[in-house]
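Source file: structure20.cif (mmCIF, C-alpha atoms and all ligand atoms)
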data_input
loop_
_atom_site.label_atom_id
_atom_site.label_comp_id
_atom_site.auth_asym_id
_atom_site.auth_seq_id
_atom_site.Cartn_x
_atom_site.Cartn_y
_atom_site.Cartn_z
CA MET S 255 -1.09 43.40 -16.89
CA LYS S 256 2.31 42.65 -15.33
CA ALA S 257 2.41 39.83 -12.76
CA LEU S 258 4.98 37.61 -11.05
CA ILE S 259 4.38 34.14 -12.48
CA SER S 260 5.81 30.83 -11.24
CA ASN S 261 7.79 28.73 -13.71
CA ARG S 262 9.22 25.70 -11.87
CA ASN S 263 8.42 22.18 -13.01
CA ILE S 264 7.47 19.45 -10.56
CA ILE S 265 10.96 17.88 -10.55
CA THR S 266 12.73 21.11 -9.50
CA ARG S 267 10.07 21.76 -6.88
CA VAL S 268 10.37 18.31 -5.34
CA LEU S 269 14.17 18.68 -5.44
CA ASN S 270 13.95 22.07 -3.69
CA LEU S 271 11.62 20.62 -1.08
CA SER S 272 13.87 17.66 -0.32
CA LEU S 273 17.13 19.66 -0.37
CA GLY S 274 15.70 22.75 1.38
CA LYS S 275 17.11 24.85 -1.49
CA SER S 276 15.87 27.37 -4.01
CA LEU S 277 17.38 26.31 -7.33
CA GLY S 278 16.94 28.92 -10.09
CA GLN S 279 14.71 32.00 -9.97
CA GLY S 280 11.39 30.11 -10.06
CA VAL S 281 9.39 33.18 -11.00
CA GLU S 282 9.33 35.77 -13.79
CA LEU S 283 7.61 39.08 -14.49
CA LYS S 284 5.24 38.43 -17.38
CA ASP S 285 2.40 40.10 -19.26
CA VAL S 286 -0.81 38.19 -18.58
CA ALA S 287 -4.53 38.88 -19.01
CA VAL S 288 -6.30 41.05 -16.44
CA PRO S 289 -8.57 38.65 -14.45
CA THR S 290 -12.23 38.56 -15.44
CA ILE S 291 -14.65 38.74 -12.50
CA LEU S 292 -17.85 36.90 -11.59
CA ASP S 293 -20.96 38.62 -10.20
CA ASP S 294 -19.83 38.12 -6.58
CA GLU S 295 -16.29 39.36 -7.15
CA ILE S 296 -14.46 42.65 -7.37
CA LEU S 297 -11.40 43.59 -9.41
CA VAL S 298 -8.70 45.46 -7.48
CA LYS S 299 -5.94 47.67 -8.87
CA VAL S 300 -3.07 46.69 -6.56
CA LEU S 301 -1.23 49.60 -4.91
CA ALA S 302 1.01 47.75 -2.42
CA VAL S 303 1.66 44.20 -1.24
CA ALA S 304 3.05 42.66 1.94
CA LEU S 305 5.38 39.66 1.88
CA ASN S 306 5.01 36.35 3.72
CA PRO S 307 7.25 33.27 4.06
CA THR S 308 4.52 31.35 2.22
CA ASP S 309 5.26 33.41 -0.94
CA PHE S 310 8.81 32.12 -1.31
CA LYS S 311 7.72 28.61 -0.25
CA HIS S 312 5.21 28.69 -3.12
CA ILE S 313 7.87 29.84 -5.58
CA ASP S 314 10.38 27.25 -4.34
CA PHE S 315 8.26 24.12 -4.15
CA ILE S 316 4.46 24.55 -4.11
CA SER S 317 3.32 26.58 -7.13
CA PRO S 318 2.61 24.81 -10.40
CA PRO S 319 3.94 26.73 -13.43
CA HIS S 320 1.88 29.75 -14.65
CA SER S 321 0.52 30.65 -11.18
CA ILE S 322 0.36 34.26 -9.96
CA ILE S 323 2.34 34.54 -6.71
CA GLY S 324 1.43 36.67 -3.68
CA CYS S 325 -1.27 36.93 -1.04
CA ASP S 326 -1.44 40.26 0.86
CA TYR S 327 -2.55 43.40 -0.93
CA VAL S 328 -4.07 46.84 -0.68
CA GLY S 329 -5.57 48.58 -3.66
CA GLU S 330 -8.46 50.42 -5.24
CA VAL S 331 -11.63 48.81 -6.51
CA ALA S 332 -11.47 48.93 -10.32
CA LYS S 333 -14.55 46.87 -11.26
CA VAL S 334 -17.55 45.64 -9.25
CA GLY S 335 -19.48 42.41 -9.91
CA ARG S 336 -23.26 42.73 -10.22
CA ASN S 337 -23.96 41.23 -6.76
CA ALA S 338 -21.29 43.31 -5.04
CA ALA S 339 -22.61 46.73 -6.00
CA LYS S 340 -24.24 47.38 -2.61
CA ALA S 341 -20.97 46.87 -0.74
CA TRP S 342 -18.37 48.36 -3.11
CA ASN S 343 -17.87 51.37 -5.37
CA ILE S 344 -15.17 51.94 -7.94
CA GLY S 345 -12.29 53.77 -6.24
CA ASP S 346 -12.92 52.36 -2.71
CA ARG S 347 -9.75 51.43 -0.85
CA VAL S 348 -9.73 47.69 -0.26
CA ALA S 349 -7.28 45.25 1.36
CA GLY S 350 -7.01 41.61 2.35
CA ALA S 351 -5.43 38.38 1.22
CA VAL S 352 -5.93 36.06 -1.72
CA HIS S 353 -4.83 32.45 -2.15
CA GLY S 354 -1.81 33.32 -4.24
CA GLY S 355 0.50 30.80 -5.86
CA ILE S 356 -1.87 28.17 -7.22
CA TYR S 357 -4.13 29.93 -9.73
CA SER S 358 -3.27 31.45 -13.11
CA ASP S 359 -5.80 34.27 -12.57
CA ARG S 360 -5.67 34.97 -8.82
CA GLY S 361 -2.68 36.36 -6.92
CA ALA S 362 -1.48 39.61 -5.34
CA PHE S 363 1.90 40.23 -7.01
CA ALA S 364 0.17 41.67 -10.05
CA GLU S 365 -1.19 44.97 -11.29
CA TYR S 366 -4.76 43.69 -10.80
CA LEU S 367 -6.31 40.93 -8.71
CA LYS S 368 -9.79 39.56 -8.18
CA ILE S 369 -11.36 38.60 -4.87
CA ASP S 370 -14.75 37.47 -3.52
CA SER S 371 -16.42 40.74 -2.58
CA ASP S 372 -17.13 39.69 1.04
CA LEU S 373 -13.59 38.45 1.70
CA ALA S 374 -11.89 41.85 1.80
CA TRP S 375 -12.09 44.90 4.03
CA LYS S 376 -12.84 48.51 3.32
CA VAL S 377 -9.83 50.47 4.52
CA PRO S 378 -10.91 53.40 6.70
CA PRO S 379 -9.29 56.85 6.52
CA GLY S 380 -6.43 56.98 9.01
CA VAL S 381 -5.07 53.56 8.00
CA SER S 382 -2.29 53.99 5.42
CA ASP S 383 -1.90 51.72 2.39
CA ALA S 384 1.21 50.11 3.89
CA GLU S 385 -0.57 49.47 7.19
CA ALA S 386 -3.67 48.08 5.48
CA THR S 387 -1.72 45.53 3.48
CA THR S 388 -0.30 43.90 6.64
CA TYR S 389 -3.72 42.55 7.73
CA GLY S 390 -3.40 39.64 5.34
CA ILE S 391 -2.11 36.09 5.87
CA SER S 392 -0.52 36.80 9.30
CA ALA S 393 -3.67 38.43 10.69
CA ILE S 394 -6.15 35.94 9.29
CA SER S 395 -4.02 33.01 10.49
CA ALA S 396 -4.04 34.47 14.00
CA MET S 397 -7.83 34.81 13.81
CA LEU S 398 -8.21 31.22 12.52
CA ALA S 399 -5.98 29.87 15.30
CA LEU S 400 -7.48 31.81 18.20
CA ASN S 401 -11.12 32.45 17.35
CA VAL S 402 -11.93 29.37 15.27
CA HIS S 403 -9.63 26.62 16.57
CA LEU S 404 -9.10 27.64 20.21
CA GLY S 405 -12.57 29.15 20.74
CA ILE S 406 -11.17 32.41 22.13
CA PRO S 407 -13.81 35.20 21.92
CA TRP S 408 -13.66 37.45 18.88
CA ALA S 409 -12.20 40.94 19.12
CA ASP S 410 -15.59 42.42 18.11
CA GLU S 411 -17.54 40.45 20.78
CA PRO S 412 -18.58 42.18 23.97
CA ARG S 413 -16.30 40.82 26.67
CA LYS S 414 -17.66 38.72 29.50
CA ALA S 415 -17.61 40.40 32.90
CA GLN S 416 -14.90 38.17 34.33
CA HIS S 417 -12.59 38.97 31.43
CA ARG S 418 -13.11 42.69 31.79
CA GLY S 419 -12.62 42.95 35.52
CA ALA S 420 -9.46 42.07 37.39
CA VAL S 421 -10.89 38.83 38.80
CA THR S 422 -9.67 36.04 36.51
CA HIS S 423 -7.96 36.30 33.18
CA PRO S 424 -7.60 33.04 31.30
CA SER S 425 -4.11 32.65 29.85
CA VAL S 426 -2.93 31.63 26.42
CA PHE S 427 0.59 30.75 25.32
CA ILE S 428 1.91 32.18 22.04
CA TYR S 429 5.23 30.67 20.93
CA ALA S 430 7.31 33.09 18.77
CA GLY S 431 5.33 36.23 19.61
CA SER S 432 7.60 38.43 17.49
CA THR S 433 6.63 36.76 14.22
CA CYS S 434 4.00 38.76 12.32
CA ALA S 435 1.49 35.98 13.04
CA GLY S 436 2.53 36.13 16.71
CA LEU S 437 2.03 39.91 17.00
CA PHE S 438 -1.55 39.49 15.71
CA CYS S 439 -2.16 36.52 18.05
CA ILE S 440 -1.00 38.57 21.03
CA GLN S 441 -3.34 41.43 20.15
CA LEU S 442 -6.40 39.29 19.35
CA ALA S 443 -5.95 37.40 22.64
CA LYS S 444 -5.58 40.65 24.58
CA ALA S 445 -8.69 42.02 22.85
CA ALA S 446 -10.55 38.97 24.25
CA GLY S 447 -9.32 39.74 27.78
CA TYR S 448 -6.68 36.99 27.97
CA THR S 449 -3.35 37.07 29.75
CA VAL S 450 -0.74 36.49 27.06
CA VAL S 451 2.42 34.53 27.78
CA THR S 452 4.87 34.43 24.89
CA THR S 453 8.43 33.63 23.80
CA ALA S 454 10.86 35.70 21.73
CA SER S 455 14.55 36.49 21.40
CA PRO S 456 15.66 39.11 23.97
CA ARG S 457 16.03 41.60 21.06
CA SER S 458 12.23 41.29 20.57
CA PHE S 459 11.12 41.46 24.23
CA ASP S 460 10.18 45.17 24.06
CA LEU S 461 8.37 44.63 20.77
CA VAL S 462 6.06 41.87 22.05
CA LYS S 463 5.36 43.86 25.23
CA ARG S 464 4.41 46.89 23.15
CA TYR S 465 1.87 44.69 21.36
CA GLY S 466 0.36 43.58 24.67
CA ALA S 467 2.25 40.47 25.90
CA ASP S 468 2.02 40.21 29.69
CA ARG S 469 5.09 37.98 30.10
CA VAL S 470 7.82 37.06 27.68
CA PHE S 471 10.44 34.30 27.94
CA ASP S 472 13.53 33.62 25.85
CA TYR S 473 12.82 30.44 23.85
CA ARG S 474 16.55 29.66 23.80
CA SER S 475 16.82 29.51 27.61
CA PRO S 476 17.13 25.87 28.76
CA ASN S 477 14.86 26.64 31.76
CA ALA S 478 12.14 28.43 29.78
CA THR S 479 9.41 25.76 30.00
CA ASP S 480 10.06 25.23 33.74
CA GLU S 481 9.84 28.97 34.37
CA ILE S 482 6.62 29.30 32.35
CA THR S 483 4.84 26.35 34.00
CA LYS S 484 5.91 27.54 37.46
CA GLU S 485 4.45 31.00 36.88
CA PHE S 486 1.49 29.94 34.69
CA PRO S 487 0.48 26.40 35.72
CA ASN S 488 -3.02 26.50 34.20
CA ILE S 489 -2.51 27.23 30.50
CA THR S 490 -4.43 24.84 28.22
CA SER S 491 -4.26 26.70 24.87
CA ALA S 492 -1.26 27.56 22.71
CA VAL S 493 -0.43 28.79 19.23
CA ASP S 494 2.97 27.84 17.82
CA CYS S 495 3.79 30.67 15.41
CA PHE S 496 7.13 29.09 14.47
CA SER S 497 6.19 25.40 14.14
CA GLU S 498 9.67 24.17 13.27
CA GLY S 499 12.20 22.00 15.10
CA SER S 500 11.15 21.44 18.71
CA SER S 501 8.88 24.50 19.01
CA THR S 502 5.62 22.51 19.19
CA GLU S 503 7.11 20.13 21.77
CA PHE S 504 8.01 23.25 23.77
CA CYS S 505 4.33 24.33 23.66
CA ALA S 506 3.16 20.83 24.62
CA THR S 507 5.48 20.89 27.65
CA VAL S 508 3.90 24.18 28.76
CA LEU S 509 0.46 22.49 28.56
CA LYS S 510 1.60 19.15 30.02
CA LYS S 511 0.06 19.50 33.50
CA ASN S 512 -3.57 19.96 32.42
CA GLY S 513 -3.47 18.89 28.78
CA GLY S 514 -4.92 21.07 26.01
CA LYS S 515 -4.49 22.10 22.40
CA VAL S 516 -1.53 23.48 20.46
CA VAL S 517 -2.43 25.08 17.14
CA THR S 518 0.49 24.87 14.70
CA LEU S 519 1.15 26.78 11.47
CA LEU S 520 3.16 23.98 9.88
CA ASP S 521 2.77 20.21 10.13
CA GLN S 522 4.29 19.00 13.38
CA GLY S 523 2.85 15.47 13.49
CA THR S 524 1.14 14.27 16.67
CA SER S 525 1.85 15.03 20.29
CA LYS S 526 3.84 12.58 22.41
CA ILE S 527 2.42 14.11 25.59
CA LYS S 528 -0.81 12.52 26.84
CA GLY S 529 -3.75 14.93 26.87
CA VAL S 530 -2.10 17.46 24.55
CA GLU S 531 -3.31 17.56 20.93
CA TYR S 532 -1.78 19.31 17.92
CA GLU S 533 -4.02 20.93 15.31
CA MET S 534 -2.44 22.36 12.17
CA ILE S 535 -4.17 25.24 10.44
CA MET S 536 -3.86 26.41 6.88
CA ALA S 537 -4.94 30.01 6.23
CA TYR S 538 -6.08 29.04 2.72
CA THR S 539 -9.08 27.13 4.07
CA LEU S 540 -10.51 30.58 4.90
CA PHE S 541 -11.13 31.27 1.21
CA GLY S 542 -13.82 28.59 1.06
CA ARG S 543 -12.47 26.58 -1.88
CA ALA S 544 -11.04 23.08 -2.06
CA PHE S 545 -7.37 23.00 -3.07
CA SER S 546 -4.29 20.76 -3.27
CA LEU S 547 -0.67 21.58 -2.51
CA LEU S 548 2.05 20.20 -4.77
CA PRO S 549 -0.41 18.18 -6.89
CA PRO S 550 -0.54 15.34 -7.74
CA ILE S 551 1.62 14.12 -4.81
CA GLY S 552 0.80 16.64 -2.05
CA PRO S 553 -2.09 16.86 0.41
CA LYS S 554 -5.67 17.81 -0.60
CA PHE S 555 -7.85 20.22 1.42
CA GLU S 556 -11.65 20.31 1.34
CA ALA S 557 -13.67 23.53 1.14
CA LYS S 558 -14.56 24.71 4.66
CA PRO S 559 -17.63 26.97 4.59
CA LEU S 560 -17.32 27.73 8.33
CA ASP S 561 -13.78 29.01 7.86
CA ARG S 562 -14.99 31.14 4.97
CA ASN S 563 -17.70 32.63 7.23
CA ALA S 564 -15.01 33.40 9.81
CA LEU S 565 -12.95 35.33 7.24
CA ALA S 566 -15.99 37.28 6.07
CA ARG S 567 -16.77 38.17 9.70
CA PHE S 568 -13.15 39.15 10.43
CA TYR S 569 -12.88 41.50 7.46
CA ALA S 570 -16.35 42.98 8.09
CA SER S 571 -15.28 43.87 11.64
CA LEU S 572 -11.76 45.02 10.79
CA PRO S 573 -12.52 48.69 10.03
CA GLN S 574 -13.54 48.94 13.73
CA VAL S 575 -11.15 46.32 15.18
CA ALA S 576 -8.09 47.88 13.47
CA LYS S 577 -8.37 50.77 15.96
CA ASP S 578 -7.12 48.35 18.65
CA VAL S 579 -5.31 45.67 16.65
CA LYS S 580 -2.27 47.46 15.23
CA PRO S 581 -0.24 46.49 12.16
CA PRO S 582 3.19 44.99 12.84
CA PRO S 583 6.18 47.33 12.38
CA ILE S 584 6.62 47.92 8.64
CA SER S 585 9.78 47.93 6.49
CA ILE S 586 9.24 49.33 3.01
CA VAL S 587 11.24 47.60 0.28
CA ASP S 588 11.74 49.78 -2.82
CA GLY S 589 11.80 48.58 -6.41
CA GLY S 590 8.27 47.44 -7.28
CA PHE S 591 8.25 43.88 -8.64
CA ASP S 592 12.07 43.67 -8.29
CA GLY S 593 11.64 44.76 -4.68
CA ILE S 594 9.30 41.82 -4.08
CA LEU S 595 12.04 39.41 -5.19
CA LEU S 596 14.63 41.19 -3.00
CA GLY S 597 12.28 41.08 0.00
CA LEU S 598 11.47 37.41 -0.53
CA ASN S 599 15.21 36.66 -0.53
CA GLN S 600 15.51 38.44 2.83
CA LEU S 601 12.68 36.26 4.19
CA ARG S 602 14.27 33.12 2.68
CA ARG S 603 17.53 33.87 4.46
CA GLY S 604 15.70 34.44 7.79
CA GLU S 605 16.93 38.04 7.94
CA VAL S 606 13.59 39.63 8.83
CA SER S 607 12.76 39.97 12.51
CA GLY S 608 9.78 41.68 14.06
CA SER S 609 8.58 43.48 10.96
CA LYS S 610 6.48 43.09 7.85
CA LEU S 611 8.04 43.81 4.46
CA VAL S 612 5.80 45.95 2.26
CA VAL S 613 6.39 46.83 -1.40
CA ASN S 614 4.62 49.64 -3.26
CA LEU S 615 3.77 48.66 -6.82
N1 LIG W 701 -0.33 27.53 8.10
C1 LIG W 701 -0.57 28.79 7.80
O1 LIG W 701 -1.64 29.13 7.32
C2 LIG W 701 0.48 29.83 8.06
C3 LIG W 701 0.10 31.17 8.14
C4 LIG W 701 1.06 32.14 8.45
C5 LIG W 701 2.38 31.75 8.64
N2 LIG W 701 2.71 30.44 8.51
C6 LIG W 701 4.11 30.01 8.76
O2 LIG W 701 4.43 30.43 10.08
C7 LIG W 701 5.78 30.85 10.14
C8 LIG W 701 5.85 32.28 10.69
O3 LIG W 701 5.34 33.18 9.70
P1 LIG W 701 5.42 34.76 9.93
O4 LIG W 701 5.08 35.44 8.66
O5 LIG W 701 4.65 35.14 11.14
O6 LIG W 701 7.00 34.86 10.19
P2 LIG W 701 7.98 36.09 10.33
O7 LIG W 701 7.28 37.29 10.83
O8 LIG W 701 8.79 36.21 9.07
O9 LIG W 701 8.94 35.48 11.47
C9 LIG W 701 10.16 36.08 11.80
C10 LIG W 701 10.41 35.77 13.29
O10 LIG W 701 10.70 34.40 13.47
C11 LIG W 701 11.34 34.29 14.72
N3 LIG W 701 12.25 33.15 14.73
C12 LIG W 701 13.27 32.92 13.89
N4 LIG W 701 13.89 31.77 14.23
C13 LIG W 701 13.24 31.27 15.32
C14 LIG W 701 13.40 30.11 16.13
N5 LIG W 701 14.38 29.23 15.90
N6 LIG W 701 12.52 29.92 17.13
C15 LIG W 701 11.54 30.80 17.37
N7 LIG W 701 11.32 31.92 16.64
C16 LIG W 701 12.19 32.15 15.62
C17 LIG W 701 12.13 35.56 14.91
O11 LIG W 701 11.83 36.01 16.21
P3 LIG W 701 12.95 36.58 17.22
O12 LIG W 701 13.57 37.76 16.52
O13 LIG W 701 12.19 36.94 18.45
O14 LIG W 701 13.92 35.43 17.43
C18 LIG W 701 11.57 36.53 13.84
O15 LIG W 701 11.07 37.73 14.39
C19 LIG W 701 6.34 30.67 8.72
O16 LIG W 701 6.95 29.40 8.62
C20 LIG W 701 5.10 30.70 7.84
O17 LIG W 701 5.26 30.04 6.60
C21 LIG W 701 1.81 29.47 8.23
#
As structure tokens, what does this structure read like?
Ligand SMILES: NC(=O)c1ccc[n+]([C@@H]2O[C@H](COP(=O)([O-])OP(=O)(O)OC[C@H]3O[C@@H](n4cnc5c(N)ncnc54)[C@H](OP(=O)(O)O)[C@@H]3O)[C@@H](O)[C@H]2O)c1
Amino acid sequence: MKALISNRNIITRVLNLSLGKSLGQGVELKDVAVPTILDDEILVKVLAVALNPTDFKHIDFISPPHSIIGCDYVGEVAKVGRNAAKAWNIGDRVAGAVHGGIYSDRGAFAEYLKIDSDLAWKVPPGVSDAEATTYGISAISAMLALNVHLGIPWADEPRKAQHRGAVTHPSVFIYAGSTCAGLFCIQLAKAAGYTVVTTASPRSFDLVKRYGADRVFDYRSPNATDEITKEFPNITSAVDCFSEGSSTEFCATVLKKNGGKVVTLLDQGTSKIKGVEYEMIMAYTLFGRAFSLLPPIGPKFEAKPLDRNALARFYASLPQVAKDVKPPPISIVDGGFDGILLGLNQLRRGEVSGSKLVVNL
């Protein structure tokens, strides 16, 4: 099968990481073996993929050579492992995310991929292929942040009376609500009955409101944190969907009065504000396997069975939940595998705002 395979050695990757550059192509379209599946796995013929910043970060500095790049996919079941036969049939439409970029036989930017049979969702009629492929890394990161790390009720849980009625709505702060991760955070928090306070550029104010944000502030305004704390003095939970520069400090300032937790998507160190803690998440822990990034020098992550259970629950509920939790706006990039590289360059240059790039293969 054809697949986009990483080819950078450790020296170029470390150089890219330290210079913040992308020297050379770092990836090539190659013919590789179709993955073989275990009894608990399914083989998927990939129909479309969605792009994430993590894909170009893997190409630039994380992926060891010979890894298949890419995480988000939609496709058709092509082969079913013996233990998966009750749940899946050949030809079913299936979508989800895989831990792309570190394995030589597991990644989405390929004609076929393999996945644990309970870590994918059956795409219902009425959800298009392009829409289905957007419920990958961005959506599962939002779920991990809100439902697992902040203890916000799940979208498929019956809501408590006080959340349903107009009496009290707990509030959550989502920094960078117009990122794809942010749009899913807003919706999952709304589904749990929360009041959602967010930040975005003015060009994205309408977008975040359409996805359910109750109040939006411009993160570039020098008075933003004062305005937020004045209007919402009791927030104790935040997700920083940007996690660069001073964004996490911004979140901590919003939580300063009562203390609380800021979940970050990138490493932001520790909080300087007493009573406010930072907790970084990594969507890959949801796949239930131990892994290392940039081995042998980078950090190691243990297998987290509870995170794996959370992903299985999320994808099992998604055929129902997707009626209320919409995909982000979609921009189709033409060109198949070449289109993936073009789209990743757009993401690298920070040119994508408020939409998910999707490529049909
Ligand atoms: N740890 C994990 O597991 C994990 C999972 C998912 C994502 N991530 C990381 O989280 C980040 C967001 O990912 P994504 O896919 O959601 O991103 P995305 O959709 O590509 O984000 C684009 C958005 O970023 C916003 N933005 C750009 N510069 C900003 C700034 N200086 N301050 C605040 N917002 C800014 C823009 O919003 P406006 O147009 O409103 O300015 C734009 O809409 C990436 O770094 C990604 O690698 C990590």
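Atom CA of Ser609 of chain S lies 9.9 Å from atom CA of Ile586 of chain S.
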Within 6 Å of ligand LIG 701 (chain W) (all atoms listed in the file), residues as a PyMOL selection string: chain S and resi 306-308+391-392+395+430+432-435+454-455+458+495-496+519-520+535-537+606-608
Asn488 of chain S environment, 8 Å, only C-alpha atoms, sequence neighbours closer than 4 positions dropped, as a ChimeraX atom specification: /S:425,483,509,511-512
Proximity to Gly278 of chain S - best of S:Lys515, S:Asp314, S:Pro407, S:Asp294, only C-alpha atoms: S:Asp314
Computed interatomic separation between atom CA of Gln600 of chain S and atom CA of Tyr389 of chain S (Å):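 These two atoms are separated by 20.3 Å.
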Within-12 Å shell of (-1.9, 16.9, 16.0) in input frame, only C-alpha atoms, as a VMD selection string: chain S and resid 497 502 to 503 506 514 to 535
Let me see the file: selected residues, C-alpha atoms, as a PDB file, in the frame of the given file.
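What ended up in selection-v6.pdb:
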ATOM      1  CA  SER S 497       6.190  25.400  14.140  1.00  0.00           C
ATOM      2  CA  THR S 502       5.620  22.510  19.190  1.00  0.00           C
ATOM      3  CA  GLU S 503       7.110  20.130  21.770  1.00  0.00           C
ATOM      4  CA  ALA S 506       3.160  20.830  24.620  1.00  0.00           C
ATOM      5  CA  GLY S 514      -4.920  21.070  26.010  1.00  0.00           C
ATOM      6  CA  LYS S 515      -4.490  22.100  22.400  1.00  0.00           C
ATOM      7  CA  VAL S 516      -1.530  23.480  20.460  1.00  0.00           C
ATOM      8  CA  VAL S 517      -2.430  25.080  17.140  1.00  0.00           C
ATOM      9  CA  THR S 518       0.490  24.870  14.700  1.00  0.00           C
ATOM     10  CA  LEU S 519       1.150  26.780  11.470  1.00  0.00           C
ATOM     11  CA  LEU S 520       3.160  23.980   9.880  1.00  0.00           C
ATOM     12  CA  ASP S 521       2.770  20.210  10.130  1.00  0.00           C
ATOM     13  CA  GLN S 522       4.290  19.000  13.380  1.00  0.00           C
ATOM     14  CA  GLY S 523       2.850  15.470  13.490  1.00  0.00           C
ATOM     15  CA  THR S 524       1.140  14.270  16.670  1.00  0.00           C
ATOM     16  CA  SER S 525       1.850  15.030  20.290  1.00  0.00           C
ATOM     17  CA  LYS S 526       3.840  12.580  22.410  1.00  0.00           C
ATOM     18  CA  ILE S 527       2.420  14.110  25.590  1.00  0.00           C
ATOM     19  CA  LYS S 528      -0.810  12.520  26.840  1.00  0.00           C
ATOM     20  CA  GLY S 529      -3.750  14.930  26.870  1.00  0.00           C
ATOM     21  CA  VAL S 530      -2.100  17.460  24.550  1.00  0.00           C
ATOM     22  CA  GLU S 531      -3.310  17.560  20.930  1.00  0.00           C
ATOM     23  CA  TYR S 532      -1.780  19.310  17.920  1.00  0.00           C
ATOM     24  CA  GLU S 533      -4.020  20.930  15.310  1.00  0.00           C
ATOM     25  CA  MET S 534      -2.440  22.360  12.170  1.00  0.00           C
ATOM     26  CA  ILE S 535      -4.170  25.240  10.440  1.00  0.00           C
TER      27      ILE S 535
END
Answer as a list in words, residues within 6 Å of (-3.7, 51.7, -6.5) using only C-alpha atoms: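 I get Lys299, Val300, Leu301, Gly329 and Glu330 of chain S for the residues within 6 Å of that point.
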Residue nearest Val286 of chain S - candidates S:Ala364, S:Arg347, S:Leu271, S:Leu598, atoms counted: only C-alpha atoms: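 Checking each of S:Ala364, S:Arg347, S:Leu271, S:Leu598 against Val286 of chain S, counting only C-alpha atoms, the winner is S:Ala364.
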Selection: 12 Å around Ile322 of chain S, all atoms listed in the file, excl. self and same-chain fewer than 5 positions, as JSON, numbers by chain: {"S": [255, 256, 257, 258, 259, 260, 261, 280, 281, 282, 283, 284, 285, 286, 287, 288, 289, 309, 312, 313, 317, 352, 353, 354, 355, 356, 357, 358, 359, 360, 361, 362, 363, 364, 365, 366, 367, 368]}
For atom CA of Val579 of chain S and atom CA of Lys444 of chain S, the interatomic separation in Å (one decimal): 9.4 Å
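Distances from S:Ala467, S:Arg602, S:Pro318, S:Val348 to Val377 of chain S were compared using all atoms listed in the file, and the smallest one belongs to S:Val348.
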Distance query Tyr473 of chain S at most 10 Å, only C-alpha atoms, self and fewer than 2 positions along chain excluded, as a list of chain:residue names: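 The neighbour list is S:Tyr429, S:Ala430, S:Thr452, S:Thr453, S:Ala454, S:Ser455, S:Pro456, S:Val470, S:Phe471, S:Ser475, S:Pro476, S:Asn477, S:Ala478, S:Thr479, S:Ser501, S:Phe504.
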Contact residues around Leu572 of chain S with only C-alpha atoms at 12 Å, ignoring same-chain residues under 5 positions, as a PyMOL selection string: chain S and resi 348-350+373-378+381+386+389-390+393-394+397+408-410+442+565-567+577-581
Residue among S:Cys439, S:Ala338, S:Ala384, S:Val426 lying closest to Ile584 of chain S, counting all atoms listed in the file: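 Smallest separation from Ile584 of chain S among the options: S:Ala384.
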Which residue of S:Asp370, S:Asp472, S:Glu385, S:Asp326 approaches Arg562 of chain S most closely, using all atoms listed in the file: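 Closest to Arg562 of chain S of all the choices is S:Asp370.
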Put the listed atoms of segment 445-464 of chain S in a box along x, y and z with 4 Å added on every side and give me the centre and edge lengths in Å to one decimal, as AutoDock Vina command-line options.
--center_x 2.7 --center_y 40.3 --center_z 25.2 --size_x 34.6 --size_y 21.3 --size_z 17.2
